[in-house]
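**Student:** Quick one: the structure is below, and I'll ask about it shortly.
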Amino acid sequence: MAPYSLATLASCVLIACSTPSPAREQAAVIVQPSAQSRAALQSAVSKALHRNTVALADDALTTDSILLIEPIRPRDAMGLLLQGRETRAPEQFRLVKSGRYCILIHERTDERQELAQT
């Protein structure tokens, strides 16, 4: 075997070892939601969206692995929605199980956060 072939093979092995395999990730749902798992989810979503807090339903990610977060819509002084001002699409998150870990993936940025105690 030529020396450059061995070096090429070695670099491919290194790349393969450092890249997580998407085949090992499986769509997941939260099967036993608790106050801790809801807090972890809320914290992860808030962090990904750079918000102090975000409102989530108590059953978020319990029946589906996809979570959609609607953008904050501007309101007038009376609290009524301003028409025609929203141009942003909802933010989408996906919950996967990778080994024994639950990982929340922000689809737009591909940011991944482990959800501890979930």
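In the structure tokens, each chain is lettered A, B, ... as it comes, each chain's residues begin at 1, and ligands are numbered from 1 in order of appearance.
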For stretch 87-97 of chain A, find every residue with an atom within 6 Å (counting only C-alpha atoms), except residues of its own chain fewer than 6 positions away, and show them as a VMD selection string.
**Tutor:** chain A and resid 25 to 28 65 to 71 103 to 107
**Student:** Using only N, CA and C atoms, please write the residues we just selected to a file, as a PDB file, in the first residue's frame.
**Tutor:**
ATOM      1  N   GLU A  25     -29.229   8.477  15.902  1.00  0.00           N
ATOM      2  CA  GLU A  25     -30.244   9.347  16.488  1.00  0.00           C
ATOM      3  C   GLU A  25     -31.621   8.889  16.044  1.00  0.00           C
ATOM      4  N   GLN A  26     -32.529   8.833  17.010  1.00  0.00           N
ATOM      5  CA  GLN A  26     -33.903   8.437  16.721  1.00  0.00           C
ATOM      6  C   GLN A  26     -34.845   9.509  17.245  1.00  0.00           C
ATOM      7  N   ALA A  27     -35.910   9.767  16.491  1.00  0.00           N
ATOM      8  CA  ALA A  27     -36.929  10.704  16.965  1.00  0.00           C
ATOM      9  C   ALA A  27     -37.416  10.238  18.329  1.00  0.00           C
ATOM     10  N   ALA A  28     -37.654  11.188  19.215  1.00  0.00           N
ATOM     11  CA  ALA A  28     -38.044  10.843  20.583  1.00  0.00           C
ATOM     12  C   ALA A  28     -39.156  11.761  21.072  1.00  0.00           C
ATOM     13  N   SER A  65     -42.234  14.538  18.227  1.00  0.00           N
ATOM     14  CA  SER A  65     -40.833  14.905  18.431  1.00  0.00           C
ATOM     15  C   SER A  65     -40.508  16.301  17.897  1.00  0.00           C
ATOM     16  N   ILE A  66     -41.487  16.965  17.292  1.00  0.00           N
ATOM     17  CA  ILE A  66     -41.288  18.300  16.721  1.00  0.00           C
ATOM     18  C   ILE A  66     -41.979  19.343  17.593  1.00  0.00           C
ATOM     19  N   LEU A  67     -41.281  20.432  17.853  1.00  0.00           N
ATOM     20  CA  LEU A  67     -41.810  21.542  18.632  1.00  0.00           C
ATOM     21  C   LEU A  67     -41.686  22.813  17.798  1.00  0.00           C
ATOM     22  N   LEU A  68     -42.803  23.486  17.582  1.00  0.00           N
ATOM     23  CA  LEU A  68     -42.806  24.752  16.847  1.00  0.00           C
ATOM     24  C   LEU A  68     -43.045  25.896  17.827  1.00  0.00           C
ATOM     25  N   ILE A  69     -42.226  26.932  17.718  1.00  0.00           N
ATOM     26  CA  ILE A  69     -42.364  28.108  18.565  1.00  0.00           C
ATOM     27  C   ILE A  69     -42.697  29.280  17.656  1.00  0.00           C
ATOM     28  N   GLU A  70     -43.864  29.844  17.862  1.00  0.00           N
ATOM     29  CA  GLU A  70     -44.295  30.995  17.061  1.00  0.00           C
ATOM     30  C   GLU A  70     -43.489  32.225  17.472  1.00  0.00           C
ATOM     31  N   PRO A  71     -43.180  33.093  16.508  1.00  0.00           N
ATOM     32  CA  PRO A  71     -42.460  34.324  16.855  1.00  0.00           C
ATOM     33  C   PRO A  71     -43.341  35.247  17.691  1.00  0.00           C
ATOM     34  N   ILE A 103     -31.559  14.803  23.109  1.00  0.00           N
ATOM     35  CA  ILE A 103     -30.933  15.973  22.517  1.00  0.00           C
ATOM     36  C   ILE A 103     -32.009  16.802  21.824  1.00  0.00           C
ATOM     37  N   LEU A 104     -32.049  18.098  22.137  1.00  0.00           N
ATOM     38  CA  LEU A 104     -32.958  19.013  21.470  1.00  0.00           C
ATOM     39  C   LEU A 104     -32.166  19.729  20.382  1.00  0.00           C
ATOM     40  N   ILE A 105     -32.666  19.646  19.143  1.00  0.00           N
ATOM     41  CA  ILE A 105     -31.976  20.248  17.998  1.00  0.00           C
ATOM     42  C   ILE A 105     -32.798  21.424  17.486  1.00  0.00           C
ATOM     43  N   HIS A 106     -32.162  22.580  17.424  1.00  0.00           N
ATOM     44  CA  HIS A 106     -32.787  23.772  16.835  1.00  0.00           C
ATOM     45  C   HIS A 106     -32.546  23.665  15.333  1.00  0.00           C
ATOM     46  N   GLU A 107     -33.600  23.461  14.563  1.00  0.00           N
ATOM     47  CA  GLU A 107     -33.467  23.161  13.140  1.00  0.00           C
ATOM     48  C   GLU A 107     -32.794  24.275  12.347  1.00  0.00           C
TER      49      GLU A 107
END
**Student:** Can you work out the spacing between atom CA of A:Ala48 and atom CA of A:Leu80 in Å, to one decimal?
**Tutor:**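 These atoms are spaced 27.3 Å apart.
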**Student:** Between atom CA of A:Ser37 and atom CA of A:Asp59, what is the spacing in Å?
**Tutor:**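 Taking atom CA of A:Asp59 and atom CA of A:Ser37, their separation equals 10.9 Å.
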**Student:** As a PyMOL selection string, please: every residue in stretch 25-116 of chain A that DSSP puts in helix (DSSP H, G or I).
**Tutor:** chain A and resi 35-49
**Student:** The selected residues should be written to file as a short mmCIF file (atom, residue, chain, number, x, y, z; two decimals), in the first residue's frame (atoms: all heavy atoms).
**Tutor:**
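Generated file (out_0.cif):
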data_model
loop_
_atom_site.label_atom_id
_atom_site.label_comp_id
_atom_site.auth_asym_id
_atom_site.auth_seq_id
_atom_site.Cartn_x
_atom_site.Cartn_y
_atom_site.Cartn_z
N ALA A 35 -41.58 18.19 36.41
CA ALA A 35 -41.24 19.61 36.55
C ALA A 35 -39.80 19.85 36.10
O ALA A 35 -39.50 20.86 35.45
CB ALA A 35 -41.43 20.06 38.00
N GLN A 36 -38.90 18.91 36.39
CA GLN A 36 -37.50 19.05 36.01
C GLN A 36 -37.33 18.96 34.49
O GLN A 36 -36.57 19.74 33.90
CB GLN A 36 -36.63 17.98 36.68
CG GLN A 36 -36.49 18.13 38.16
CD GLN A 36 -37.67 17.50 38.93
OE1 GLN A 36 -38.56 16.88 38.34
NE2 GLN A 36 -37.69 17.68 40.23
N SER A 37 -38.03 18.03 33.84
CA SER A 37 -37.88 17.90 32.39
C SER A 37 -38.49 19.10 31.68
O SER A 37 -37.94 19.58 30.68
CB SER A 37 -38.50 16.59 31.88
OG SER A 37 -39.91 16.59 32.03
N ARG A 38 -39.61 19.62 32.19
CA ARG A 38 -40.20 20.81 31.59
C ARG A 38 -39.28 22.02 31.76
O ARG A 38 -39.12 22.83 30.85
CB ARG A 38 -41.58 21.09 32.18
CG ARG A 38 -42.65 20.13 31.63
CD ARG A 38 -44.05 20.55 32.01
NE ARG A 38 -44.41 20.24 33.39
CZ ARG A 38 -44.80 19.04 33.82
NH1 ARG A 38 -44.88 18.04 32.99
NH2 ARG A 38 -45.12 18.87 35.08
N ALA A 39 -38.65 22.14 32.92
CA ALA A 39 -37.71 23.25 33.17
C ALA A 39 -36.49 23.14 32.25
O ALA A 39 -36.03 24.15 31.71
CB ALA A 39 -37.28 23.26 34.63
N ALA A 40 -36.00 21.93 32.04
CA ALA A 40 -34.85 21.73 31.15
C ALA A 40 -35.21 22.09 29.72
O ALA A 40 -34.43 22.75 29.01
CB ALA A 40 -34.37 20.28 31.23
N LEU A 41 -36.39 21.70 29.28
CA LEU A 41 -36.85 22.02 27.93
C LEU A 41 -37.03 23.54 27.78
O LEU A 41 -36.56 24.12 26.80
CB LEU A 41 -38.17 21.29 27.63
CG LEU A 41 -38.80 21.59 26.28
CD1 LEU A 41 -37.87 21.22 25.14
CD2 LEU A 41 -40.13 20.85 26.16
N GLN A 42 -37.68 24.16 28.74
CA GLN A 42 -37.90 25.61 28.67
C GLN A 42 -36.57 26.36 28.65
O GLN A 42 -36.39 27.31 27.88
CB GLN A 42 -38.77 26.08 29.82
CG GLN A 42 -39.12 27.55 29.70
CD GLN A 42 -40.18 27.98 30.69
OE1 GLN A 42 -40.34 27.36 31.73
NE2 GLN A 42 -40.90 29.02 30.36
N SER A 43 -35.63 25.93 29.45
CA SER A 43 -34.32 26.57 29.49
C SER A 43 -33.59 26.42 28.16
O SER A 43 -33.00 27.38 27.65
CB SER A 43 -33.49 25.95 30.62
OG SER A 43 -32.19 26.47 30.62
N ALA A 44 -33.64 25.22 27.57
CA ALA A 44 -32.95 24.98 26.30
C ALA A 44 -33.56 25.81 25.17
O ALA A 44 -32.83 26.40 24.37
CB ALA A 44 -33.00 23.49 25.95
N VAL A 45 -34.88 25.89 25.11
CA VAL A 45 -35.55 26.65 24.06
C VAL A 45 -35.27 28.15 24.25
O VAL A 45 -34.95 28.86 23.29
CB VAL A 45 -37.06 26.36 24.02
CG1 VAL A 45 -37.78 27.31 23.08
CG2 VAL A 45 -37.31 24.92 23.62
N SER A 46 -35.35 28.63 25.48
CA SER A 46 -35.07 30.04 25.76
C SER A 46 -33.64 30.40 25.37
O SER A 46 -33.40 31.44 24.74
CB SER A 46 -35.28 30.35 27.25
OG SER A 46 -36.63 30.18 27.61
N LYS A 47 -32.71 29.54 25.70
CA LYS A 47 -31.31 29.77 25.35
C LYS A 47 -31.12 29.81 23.84
O LYS A 47 -30.45 30.69 23.31
CB LYS A 47 -30.43 28.69 25.97
CG LYS A 47 -28.96 28.84 25.67
CD LYS A 47 -28.15 27.73 26.30
CE LYS A 47 -26.69 27.84 25.90
NZ LYS A 47 -25.92 26.69 26.38
N ALA A 48 -31.72 28.87 23.13
CA ALA A 48 -31.58 28.81 21.67
C ALA A 48 -32.17 30.03 20.99
O ALA A 48 -31.66 30.48 19.96
CB ALA A 48 -32.23 27.54 21.14
N LEU A 49 -33.24 30.57 21.56
CA LEU A 49 -33.91 31.73 20.96
C LEU A 49 -33.43 33.06 21.53
O LEU A 49 -33.93 34.11 21.15
CB LEU A 49 -35.43 31.61 21.13
CG LEU A 49 -36.07 30.40 20.44
CD1 LEU A 49 -37.56 30.36 20.73
CD2 LEU A 49 -35.79 30.43 18.95
#
**Student:** Could you tell me which of A:His50, A:Asp64, A:Ile72, A:Ile30 comes closest to A:Ala116 if we count only C-alpha atoms?
**Tutor:**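 Comparing A:His50, A:Asp64, A:Ile72, A:Ile30 against A:Ala116, the winner is A:Ile30.
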**Student:** Return the single residue from A:Gln83, A:Pro33, A:Arg108, A:Asp76 that is closest to A:Thr63, with distances computed using only C-alpha atoms.
**Tutor:**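 Smallest separation from A:Thr63 among the options: A:Pro33.
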**Student:** How many Å separate atom CA of A:Cys102 from atom CA of A:Arg51?
**Tutor:**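 Separation of atom CA of A:Cys102 and atom CA of A:Arg51: 21.9 Å.
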